[in-house]
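Colleague: One structure is given below, represented as structure tokens, and several questions about it will come after.
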Number of protein chains: 2
Amino acid sequence: MPTQAGISGSQTEGADSIVLSGGYEDDADHGDVLIYTGHGGRDQSTGQQIHDQPFTRGNRALALSKQNGLPVRVIRGSNHDSPYSPPSGYSYDGLYAVEEFWHEVGKSGFEIWRFRLVKIPDKVTTGQEIREEPAGYSVPQRQDMRVSRIVRDSSRARKIKALYDHRCQICGIRLECPAGPYSEAAHIRALGAPHDGPDTEDNILCLCPNHHVLFDNGALYISDDLTINDDVGNRLAVHKDHRIDRRHLAYHRDHLAVVSEPAPL
Amino acid sequence: MPTQAGISGSQTEGADSIVLSGGYEDDADHGDVLIYTGHGGRDQSTGQQIHDQPFTRGNRALALSKQNGLPVRVIRGSNHDSPYSPPSGYSYDGLYAVEEFWHEVGKSGFEIWRFRLVKIPDKVTTGQEIREEPAGYSVPQRQDMRVSRIVRDSSRARKIKALYDHRCQICGIRLECPAGPYSEAAHIRALGAPHDGPDTEDNILCLCPNHHVLFDNGALYISDDLTINDDVGNRLAVHKDHRIDRRHLAYHRDHLAVVSEPAPL
């Protein structure tokens, strides 16, 4: 069991869990929504904030969890000053999404890192179909319409992204963010009905967001010899440990890419 | 009132509504989920599919609705062969998200364009706070975690994207997709708590997805003289009709960008 406040996790995958125990003067705990203050810059003996908090270790790992869309476990200790704390010991309070991170001058006068965490409902359980989730429509008019987009990131997807060290297989770019590099996992044969592509490594590419948009919207397709239909005939970069199933490339070409414009009537 | 099957909308904004009336042999209507077949390639007198359907007009407009995350109105006519059709006349059946488009060989032997539309629940109404919506968590473990990301696109956002003709204000790229160009609206001072940035044109940038990721994750920031903190000191391209509020740039620099790394303890 955890015995003190803090953030655990990894510098390449993001934070895994946070323990609320004691806590910062700047923390705010509204139960399902937490404003969590990062660590560092405190005097070891008095606990007073005496320096700016650095964007390192746990602070950076939590920012990476936000960037990668990975949730963290929240554990509250009895000495965490909140009505949501257990009377004694520790309580595991479920998964929270790290929605935002930012910095500000705290009550101490020093810069602190802050994270907004929102609880993921427990009722969302196994076998849930992933699809685009419309959200926040105000009125049935063209203005003010909003739709959400699902970021799928299974363990297979994360493995492929790590294999390429987050370099785009089409253009080679690696987006350098403060919390770590950023890339996206693109499914060649789309997941879900009606395409029912598998979430397997042979159906996943590591792409930058720009090439992901072009690939998913049918602008780009890839031949069996891995040539890309761009102006310069680039080839897809493929790691020696990454086998791509040519049948998925063919499915994408045959159904998802807009390969050529049939003559209009 | 509409009097025949078809797609209405614009070639730059996407489809606005579809009317289900008569219909194609390949259509499928499951009420909240529709598989809609595009138009074109049919013999005018017999209604038989005699050519491939082109990726033009309504077909392209529906694809653009998917690409832009814009919903369409669905109207069913009484002669549409479905248990969800009204006994007579037409019924307005609400907003649907265009989740996917693809092409396949239809029953006729010719290529057809197909669209998967999913109803947006009516209960999602005014004043709904936009935030990241976790979705589809299977088990509280690191594998198989998925999170959705909200794409915000108000009328102001769409106006800014159109003003720049979908060119990124940072790098100038314009992603050319078959249904039309693609860009993203980035809020400088983030929407929603705790930042509470406004959804106004002076707080919106037109960016490519790559620069949107870099901007939102704190890698990039913009000085009051519009210089970008990249290696080459690029300046933000700003249209003469687009006033950017420098206070939002300052907020982004002060709270959202990771401007410099304070010395770790």
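In the structure tokens, the first chain shown is A, the next is B, and so on; residue numbers restart at 1 for each chain, and ligands run from 1 in the order shown.
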Name all residues at most 9 Å from Ile188 of chain A (count only C-alpha atoms; drop same-chain ones fewer than 4 positions away) and give them as a list in words.
Modeller: Gly197, Asp202, Asn203, Ile204, Leu205, Phe215, Asp216, His248, Leu249, Tyr251 and His252 of chain A
Colleague: Please report, as a ChimeraX atom specification, each residue of segment 11-247 of chain B to which DSSP assigns strand (DSSP E or B) when run on this structure's backbone.
Modeller: /B:14-20,28-29,33-37,42,49,72-77,90-105,111-119,134,145-151,175-177,180-182,184-187,204-207,222,227-228,235
Colleague: Just asking: which residues within segment 10-259 of chain B are helix (DSSP H, G or I) according to DSSP, as a PyMOL selection string?
Modeller: chain B and resi 57-68+155-163+201-203+209-216+246-256
Colleague: Do a neighbour search on Val238 of chain A at 10 Å with only C-alpha atoms, toss out local chain neighbours closer than 6 positions, and write the hits as a ChimeraX atom specification.
Modeller: /A:164,169-170,205-206,226,244
Colleague: Check the smallest atom-to-atom distance from each of B:Ser10, B:Ser183, B:Asn210, B:Asn234 to Cys168 of chain A using only C-alpha atoms, then report the winner.
Modeller: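 Comparing B:Ser10, B:Ser183, B:Asn210, B:Asn234 against Cys168 of chain A, the winner is B:Asn210.
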Colleague: I'd like the neighbourhood of Gly172 of chain A as a list in words, where a residue qualifies if any of its atoms comes within 9 Å (using only C-alpha atoms), though same-chain residues fewer than 5 positions away should be ignored.
Modeller: His166, Arg167, Leu207, Cys208 and Ala237 of chain A
Colleague: Next, dump the selected residues to file, keeping only N, CA and C atoms, as an mmCIF file, in the first residue's frame.
Modeller:
```cif
data_model
loop_
_atom_site.group_PDB
_atom_site.id
_atom_site.type_symbol
_atom_site.label_atom_id
_atom_site.label_comp_id
_atom_site.auth_asym_id
_atom_site.auth_seq_id
_atom_site.Cartn_x
_atom_site.Cartn_y
_atom_site.Cartn_z
ATOM 1 N N HIS A 166 8.067 7.260 -31.764
ATOM 2 C CA HIS A 166 7.135 8.352 -32.087
ATOM 3 C C HIS A 166 7.477 9.101 -33.373
ATOM 4 N N ARG A 167 8.260 8.458 -34.251
ATOM 5 C CA ARG A 167 8.497 9.076 -35.561
ATOM 6 C C ARG A 167 7.430 8.609 -36.546
ATOM 7 N N LEU A 207 1.885 7.359 -36.856
ATOM 8 C CA LEU A 207 1.832 8.528 -37.738
ATOM 9 C C LEU A 207 1.799 9.829 -36.927
ATOM 10 N N CYS A 208 2.235 10.910 -37.565
ATOM 11 C CA CYS A 208 2.016 12.231 -36.979
ATOM 12 C C CYS A 208 0.540 12.586 -37.208
ATOM 13 N N ALA A 237 8.118 3.949 -43.997
ATOM 14 C CA ALA A 237 9.222 3.414 -43.206
ATOM 15 C C ALA A 237 8.680 2.304 -42.307
#
```
Colleague: Which of these, B:His80, B:His239, B:Arg116, B:His212, has the shortest distance to His103 of chain B once you count only C-alpha atoms?
Modeller: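 Of B:His80, B:His239, B:Arg116, B:His212, the one nearest His103 of chain B, counting only C-alpha atoms, is B:Arg116.
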Colleague: Just the residues within 9 Å of Leu95 of chain A, please, counting only C-alpha atoms, with nothing from its chain fewer than 6 positions along; format it as a PyMOL selection string.
Modeller: (chain A and resi 17+71-74+118-122) or (chain B and resi 140)
Colleague: Given only C-alpha atoms as the basis, pick out the residue of A:Lys107, A:His51, A:Arg235, A:Lys161 nearest to chain B.
Modeller: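 Closest to chain B of all the choices is A:His51.
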Colleague: Which one of A:Asp254, A:Asp196, A:Asp165, A:Asp241 sits closest to chain B if you count only C-alpha atoms?
Modeller: A:Asp254
Colleague: From the list B:Ile228, B:Ile18, B:Leu34, B:Leu62, which residue is nearest Pro178 of chain B when using only C-alpha atoms?
Modeller: B:Leu62
Colleague: Out of A:Gly77, A:Gly31, A:Gly69, A:Gly106, which residue has the shortest atom-to-atom distance to chain B when counting only C-alpha atoms?
Modeller: A:Gly69
